[in-house]
>>> print(open('model15.cif').read())   # mmCIF, C-alpha atoms
data_upload
#
loop_
_atom_site.label_atom_id
_atom_site.label_comp_id
_atom_site.auth_asym_id
_atom_site.auth_seq_id
_atom_site.Cartn_x
_atom_site.Cartn_y
_atom_site.Cartn_z
CA MET A 1 23.92 11.72 -20.96
CA ARG A 2 26.18 14.80 -21.12
CA PRO A 3 28.37 14.79 -24.19
CA PRO A 4 32.01 14.21 -23.43
CA LEU A 5 34.20 17.29 -23.21
CA HIS A 6 36.68 17.76 -25.96
CA PRO A 7 39.98 19.50 -25.52
CA VAL A 8 40.25 22.99 -26.96
CA PRO A 9 42.19 22.89 -30.21
CA ALA A 10 45.66 24.33 -29.95
CA ARG A 11 44.95 26.86 -32.71
CA THR A 12 42.17 28.63 -30.75
CA PRO A 13 44.52 31.14 -29.04
CA VAL A 14 45.70 32.18 -32.48
CA ARG A 15 42.12 32.93 -33.48
CA VAL A 16 41.50 34.85 -30.27
CA PHE A 17 44.69 36.84 -30.77
CA ALA A 18 43.72 37.62 -34.36
CA ALA A 19 40.28 38.79 -33.25
CA LEU A 20 41.77 40.99 -30.56
CA SER A 21 44.28 42.39 -33.03
CA LEU A 22 41.51 43.26 -35.47
CA THR A 23 39.54 44.95 -32.71
CA CYS A 24 42.58 47.00 -31.74
CA LEU A 25 43.17 48.01 -35.33
CA LEU A 26 39.55 49.15 -35.64
CA LEU A 27 39.86 51.13 -32.42
CA ILE A 28 43.10 52.69 -33.60
CA ALA A 29 41.54 53.56 -36.96
CA GLY A 30 38.60 55.09 -35.14
CA GLY A 31 40.98 57.02 -32.97
CA CYS A 32 42.81 58.34 -36.03
CA ALA A 33 39.53 59.48 -37.55
CA LEU A 34 38.56 61.13 -34.29
CA GLY A 35 41.96 62.79 -34.08
CA GLN A 36 41.62 64.06 -37.62
CA LEU A 37 38.16 65.42 -36.83
CA VAL A 38 39.32 67.17 -33.67
CA GLY A 39 42.42 68.44 -35.44
CA GLY A 40 40.33 69.76 -38.32
CA MET A 41 38.00 71.55 -35.93
CA ALA A 42 40.95 73.09 -34.10
CA GLU A 43 42.50 74.27 -37.37
CA SER A 44 39.18 75.72 -38.49
CA ALA A 45 38.85 77.58 -35.18
CA ARG A 46 42.40 78.85 -35.50
CA ARG A 47 41.81 80.15 -39.00
CA ALA A 48 38.59 81.88 -37.92
CA GLY A 49 40.19 83.39 -34.81
CA SER A 50 42.41 86.38 -34.20
CA HIS A 51 45.49 87.35 -32.22
CA GLU A 52 46.84 90.49 -30.60
CA VAL A 53 49.55 92.51 -32.29
CA SER A 54 51.64 95.18 -30.60
CA ALA A 55 52.33 98.60 -32.08
CA LYS A 56 55.46 98.95 -34.17
CA TYR A 57 55.72 102.59 -33.10
CA SER A 58 54.16 103.79 -29.84
CA GLY A 59 55.62 107.30 -29.77
CA LEU A 60 52.31 109.10 -30.37
CA SER A 61 51.23 108.54 -26.77
CA ASP A 62 50.91 111.84 -24.85
CA LYS A 63 52.08 113.77 -27.93
CA THR A 64 50.39 116.00 -30.48
CA PHE A 65 50.42 114.75 -34.05
CA ALA A 66 49.23 115.31 -37.60
CA VAL A 67 48.84 112.97 -40.54
CA ILE A 68 49.95 114.16 -43.95
CA VAL A 69 49.64 112.09 -47.13
CA ALA A 70 51.67 112.45 -50.31
CA ALA A 71 50.85 110.83 -53.65
CA ASP A 72 52.16 111.23 -57.16
CA ARG A 73 50.14 113.51 -59.42
CA SER A 74 49.26 110.62 -61.72
CA ILE A 75 47.76 108.72 -58.78
CA GLN A 76 45.80 111.77 -57.67
CA ALA A 77 44.55 112.28 -61.22
CA ASP A 78 43.16 108.74 -61.34
CA PHE A 79 41.90 108.76 -57.74
CA PRO A 80 41.15 112.39 -56.76
CA SER A 81 39.78 111.63 -53.28
CA LEU A 82 42.48 109.15 -52.21
CA VAL A 83 44.67 111.67 -50.36
CA SER A 84 41.81 113.31 -48.48
CA VAL A 85 40.13 110.02 -47.53
CA THR A 86 43.40 108.49 -46.35
CA THR A 87 44.26 111.61 -44.34
CA ARG A 88 40.88 111.70 -42.61
CA GLU A 89 40.58 107.98 -41.89
CA VAL A 90 44.13 107.49 -40.59
CA THR A 91 43.81 110.62 -38.44
CA LYS A 92 40.56 109.27 -36.97
CA LEU A 93 42.01 105.84 -36.18
CA LEU A 94 45.15 107.25 -34.57
CA SER A 95 43.29 109.84 -32.51
CA GLU A 96 41.01 107.12 -31.15
CA ASN A 97 43.61 104.46 -30.39
CA THR A 98 47.07 105.85 -29.66
CA GLY A 99 46.57 107.85 -26.46
CA ALA A 100 47.80 111.01 -28.16
CA LYS A 101 47.51 114.31 -26.30
CA GLY A 102 46.19 116.19 -29.30
CA VAL A 103 45.68 115.98 -33.04
CA LEU A 104 45.67 118.50 -35.84
CA PRO A 105 42.33 117.91 -37.64
CA ALA A 106 42.61 116.34 -41.07
CA ASP A 107 40.79 119.25 -42.72
CA GLU A 108 43.41 121.65 -41.35
CA VAL A 109 46.19 119.52 -42.83
CA LEU A 110 44.44 119.35 -46.20
CA LYS A 111 43.93 123.12 -46.11
CA PHE A 112 47.64 123.60 -45.39
CA GLN A 113 48.55 121.40 -48.36
CA SER A 114 46.30 123.33 -50.73
CA GLN A 115 47.66 126.68 -49.53
CA HIS A 116 51.29 125.52 -49.68
CA PRO A 117 51.69 123.51 -52.91
CA ASN A 118 55.45 123.37 -52.34
CA TRP A 119 55.05 121.60 -49.01
CA VAL A 120 56.52 118.38 -50.45
CA ALA A 121 59.85 120.18 -50.88
CA MET A 122 60.02 121.34 -47.26
CA PRO A 123 62.57 119.76 -44.90
CA PHE A 124 60.75 117.39 -42.56
CA ASP A 125 61.61 119.34 -39.43
CA LYS A 126 60.27 122.56 -40.99
CA LEU A 127 57.10 120.76 -42.10
CA ALA A 128 56.47 119.51 -38.56
CA SER A 129 57.19 122.99 -37.25
CA GLU A 130 54.76 124.59 -39.69
CA LEU A 131 52.03 122.22 -38.53
CA ALA A 132 53.01 122.83 -34.87
CA VAL A 133 52.91 119.19 -33.74
CA ASP A 134 55.25 116.90 -31.80
CA ARG A 135 54.91 114.03 -34.27
CA LEU A 136 54.24 114.06 -37.98
CA VAL A 137 52.92 110.84 -39.54
CA TYR A 138 53.98 111.12 -43.17
CA ILE A 139 52.40 108.58 -45.55
CA GLU A 140 53.74 108.22 -49.07
CA VAL A 141 51.39 106.50 -51.51
CA GLN A 142 53.85 105.17 -54.07
CA GLU A 143 51.54 102.83 -55.97
CA PHE A 144 47.78 102.63 -56.29
CA ALA A 145 46.13 100.79 -59.18
CA LEU A 146 43.08 98.64 -59.76
CA HIS A 147 44.39 96.79 -62.83
CA ASP A 148 47.60 95.60 -64.35
CA PRO A 149 48.87 97.96 -67.06
CA GLY A 150 47.09 97.31 -70.33
CA ASN A 151 44.36 95.11 -68.84
CA ILE A 152 41.39 97.18 -67.71
CA TYR A 153 38.99 94.23 -67.76
CA VAL A 154 40.48 92.17 -64.91
CA TYR A 155 41.03 93.56 -61.43
CA ASN A 156 44.39 93.11 -59.77
CA GLY A 157 44.43 95.99 -57.31
CA VAL A 158 47.54 96.96 -55.37
CA ALA A 159 48.30 99.81 -52.97
CA ALA A 160 51.82 100.34 -51.67
CA GLY A 161 53.85 103.00 -49.96
CA GLN A 162 55.88 104.03 -46.94
CA VAL A 163 54.78 105.19 -43.51
CA HIS A 164 57.21 107.56 -41.77
CA VAL A 165 57.29 109.46 -38.49
CA ILE A 166 59.10 112.74 -37.89
CA GLU A 167 59.76 113.58 -34.23
CA ALA A 168 59.80 117.38 -34.07
CA ASP A 169 61.15 117.46 -30.50
CA SER A 170 64.16 115.20 -31.18
CA GLN A 171 67.70 116.22 -32.12
CA SER A 172 67.33 114.40 -35.44
CA SER A 173 64.01 115.95 -36.44
CA ALA A 174 65.17 116.30 -40.05
CA GLU A 175 65.28 112.49 -40.36
CA PHE A 176 62.69 109.76 -40.05
CA ALA A 177 62.40 108.32 -36.55
CA PHE A 178 60.28 105.48 -37.94
CA ASN A 179 59.92 104.05 -41.42
CA GLU A 180 57.86 101.04 -42.48
CA PRO A 181 56.60 99.81 -45.88
CA VAL A 182 52.97 98.89 -46.45
CA ARG A 183 51.53 96.89 -49.33
CA VAL A 184 48.05 95.42 -49.79
CA LYS A 185 46.13 93.79 -52.62
CA PHE A 186 42.51 93.22 -53.67
CA PRO A 187 40.67 91.14 -54.88
CA ASP A 188 41.84 88.03 -53.03
CA VAL A 189 41.20 85.73 -55.99
CA THR A 190 42.45 86.04 -59.54
CA GLY A 191 40.30 86.49 -62.60
CA MET A 192 37.75 88.90 -61.09
CA GLY A 193 36.54 91.11 -63.89
CA THR A 194 34.46 94.21 -64.33
CA ASN A 195 31.37 92.04 -64.78
CA ASP A 196 31.97 90.39 -61.39
CA MET A 197 32.61 93.45 -59.23
CA GLY A 198 32.09 97.18 -59.44
CA ARG A 199 34.98 99.61 -59.67
CA ARG A 200 33.79 101.51 -56.61
CA ASP A 201 33.81 98.32 -54.53
CA VAL A 202 37.36 97.45 -55.54
CA LEU A 203 38.57 101.00 -54.97
CA GLY A 204 36.88 101.21 -51.57
CA GLU A 205 38.24 97.91 -50.26
CA LEU A 206 41.75 98.54 -51.55
CA ALA A 207 41.83 101.95 -49.87
CA ARG A 208 40.37 100.54 -46.65
CA ARG A 209 43.08 97.89 -46.48
CA PHE A 210 45.84 100.40 -47.11
CA ILE A 211 44.45 102.72 -44.43
CA ALA A 212 44.08 99.90 -41.89
CA ARG A 213 47.59 98.59 -42.45
CA SER A 214 49.04 102.09 -42.19
CA ALA A 215 47.21 102.88 -38.95
CA TRP A 216 47.74 99.50 -37.25
CA MET A 217 51.46 100.24 -36.96
CA PHE A 218 50.73 102.76 -34.21
CA TYR A 219 48.56 100.93 -31.70
CA HIS A 220 47.91 97.57 -30.08
CA HIS A 221 45.21 95.77 -32.05
CA GLU A 222 43.79 92.40 -33.10
CA GLU A 223 44.39 90.83 -36.49
CA PRO A 224 42.77 87.72 -37.99
CA ASN A 225 45.00 84.64 -37.74
CA VAL A 226 44.70 84.22 -41.49
CA MET A 227 45.10 87.58 -43.18
CA LYS A 228 43.98 87.95 -46.77
CA TYR A 229 46.04 91.10 -47.09
#
>>> encode(input="model15.cif", output="structure tokens")
Amino acid sequence: MRPPLHPVPARTPVRVFAALSLTCLLLIAGGCALGQLVGGMAESARRAGSHEVSAKYSGLSDKTFAVIVAADRSIQADFPSLVSVTTREVTKLLSENTGAKGVLPADEVLKFQSQHPNWVAMPFDKLASELAVDRLVYIEVQEFALHDPGNIYVYNGVAAGQVHVIEADSQSSAEFAFNEPVRVKFPDVTGMGTNDMGRRDVLGELARRFIARSAWMFYHHEEPNVMKY
């Protein structure tokens, strides 16, 4: 004989509701974890990606130009090749990327500097005229050091200066038509000592960063979303 049916206890809907609520909470928690995972992946992709940056000064297009670099004698004494390397590398980058009509070769500029030791005292318009260019990119290296003063065992490299442009064909050729500071550092972490990294490596990377930052001002380029310098 079939057992008699019993009425469902009144508390059963409460149990069902509680079970459904728990299921929803688990789904929500899972959704949060999934959201965090997706968000973390998106942030990682963003940090690894890059973005386009416009030129801060685009006046080299269809013009002739020269790059001249000035540095204090104490900086040149410690880093004898800094001026020549910076002159050559910035000239190369600008000639390749700015759409300039012509460029005075870096070796010609360096030769002019050696033959005219008083060039730093020349008015800017006369300097541009002597080099016979429409635009003069004038880079002042105001600071360049691999260590903090008094601590030669730990690297804390910094390179800083000003990037100027003289427009020889403008009415205000004796003044800067463009002026922008540049400052970079290396290494990216503190506490790196002479046992961890070679001097040449620190010098090379610090100079490369200074050169890149100086040149990027003049042409459209891509930069990492997260810049270390």
>>> residues_around(input="model15.cif", residues="Gly198 (chain A)", least_positions_apart="3", cutoff="12 Å", atoms="all atoms listed in the file", output="ChimeraX atom specification")
/A:146,153-155,187,192-195,201-205
>>> closest_residue(input="model15.cif", among="A:Leu206, A:Ile166, A:Met227, A:Leu60", to="Asn97 (chain A)", atoms="only C-alpha atoms")
A:Leu60
>>> closest_residue(input="model15.cif", among="A:Ser129, A:Ser61, A:Ser74, A:Ser114", to="Lys101 (chain A)", atoms="only C-alpha atoms")
A:Ser61
>>> atom_distance(input="model15.cif", atom1="CA of Ile68 (chain A)", atom2="CA of Asn156 (chain A)")
26.9 Å
>>> residues_around(input="model15.cif", residues="Ser214 (chain A)", least_positions_apart="2", cutoff="9 Å", atoms="all atoms listed in the file", output="VMD selection string")
chain A and resid 90 139 162 to 163 180 to 182 209 to 212 216 to 218
>>> atom_distance(input="model15.cif", atom1="CA of Glu167 (chain A)", atom2="CA of Asp134 (chain A)")
6.1 Å
>>> closest_residue(input="model15.cif", among="A:Asn151, A:Gln113, A:Thr91, A:Ser170", to="Val137 (chain A)", atoms="only C-alpha atoms")
A:Thr91
>>> closest_residue(input="model15.cif", among="A:Thr64, A:Ala71, A:Leu136, A:Val158", to="Thr86 (chain A)", atoms="all atoms listed in the file")
A:Ala71
>>> closest_residue(input="model15.cif", among="A:Val184, A:Ile152, A:Ala177, A:Val189", to="Arg208 (chain A)", atoms="all atoms listed in the file")
A:Val184
>>> resolve_selection(input="model15.cif", expression="the PyMOL selection byres ((chain A and resi 102-105) around 8)", output="ChimeraX atom specification")
/A:62-67,91,95,100-101,106-109,131,133
>>> atom_distance(input="model15.cif", atom1="CA of His164 (chain A)", atom2="CA of Tyr138 (chain A)")
5.0 Å
>>> resolve_selection(input="model15.cif", expression="the PyMOL selection byres ((chain A and resi 141) around 8)", output="list of chain:residue names")
A:Val69, A:Ala70, A:Ala71, A:Asp72, A:Ile139, A:Glu140, A:Gln142, A:Glu143, A:Phe144, A:Ala159, A:Ala160, A:Gly161, A:Gln162
>>> residues_around(input="model15.cif", residues="Val53 (chain A)", least_positions_apart="2", cutoff="8 Å", atoms="all atoms listed in the file", output="PyMOL selection string")
chain A and resi 51+55+220-223
>>> closest_residue(input="model15.cif", among="A:Gly157, A:Gln171, A:Ser54, A:Asn179", to="Arg199 (chain A)", atoms="all atoms listed in the file")
A:Gly157
>>> residues_around(input="model15.cif", residues="Pro123 (chain A)", least_positions_apart="3", cutoff="12 Å", atoms="only C-alpha atoms", output="list in words")
Asn118, Trp119, Val120, Lys126, Leu127, Ala128, Ser129, Glu130, Ile166, Ala168, Ser172, Ser173, Ala174, Glu175 and Phe176 of chain A
>>> build_atoms(input="model15.cif", residues="region 141-152 of chain A", atoms="N, CA and C atoms", output="CSV table (one decimal), in the frame of the given file")
chain,number,residue,atom,x,y,z
A,141,VAL,N,52.1,107.5,-50.7
A,141,VAL,CA,51.4,106.5,-51.5
A,141,VAL,C,52.2,106.4,-52.8
A,142,GLN,N,52.9,105.3,-52.9
A,142,GLN,CA,53.8,105.2,-54.1
A,142,GLN,C,53.2,104.4,-55.2
A,143,GLU,N,52.2,103.6,-54.9
A,143,GLU,CA,51.5,102.8,-56.0
A,143,GLU,C,50.1,102.6,-55.6
A,144,PHE,N,49.2,102.9,-56.5
A,144,PHE,CA,47.8,102.6,-56.3
A,144,PHE,C,47.1,102.4,-57.6
A,145,ALA,N,46.7,101.2,-57.9
A,145,ALA,CA,46.1,100.8,-59.2
A,145,ALA,C,45.1,99.7,-59.0
A,146,LEU,N,44.1,99.7,-59.8
A,146,LEU,CA,43.1,98.6,-59.8
A,146,LEU,C,43.3,97.5,-60.8
A,147,HIS,N,44.1,97.8,-61.8
A,147,HIS,CA,44.4,96.8,-62.8
A,147,HIS,C,45.9,96.7,-63.1
A,148,ASP,N,46.3,95.6,-63.8
A,148,ASP,CA,47.6,95.6,-64.4
A,148,ASP,C,47.6,96.5,-65.6
A,149,PRO,N,48.8,97.1,-65.9
A,149,PRO,CA,48.9,98.0,-67.1
A,149,PRO,C,48.4,97.2,-68.3
A,150,GLY,N,47.5,97.9,-69.1
A,150,GLY,CA,47.1,97.3,-70.3
A,150,GLY,C,45.9,96.3,-70.2
A,151,ASN,N,45.5,96.1,-69.0
A,151,ASN,CA,44.4,95.1,-68.8
A,151,ASN,C,43.3,95.7,-67.9
A,152,ILE,N,42.4,96.5,-68.5
A,152,ILE,CA,41.4,97.2,-67.7
A,152,ILE,C,40.2,96.3,-67.4
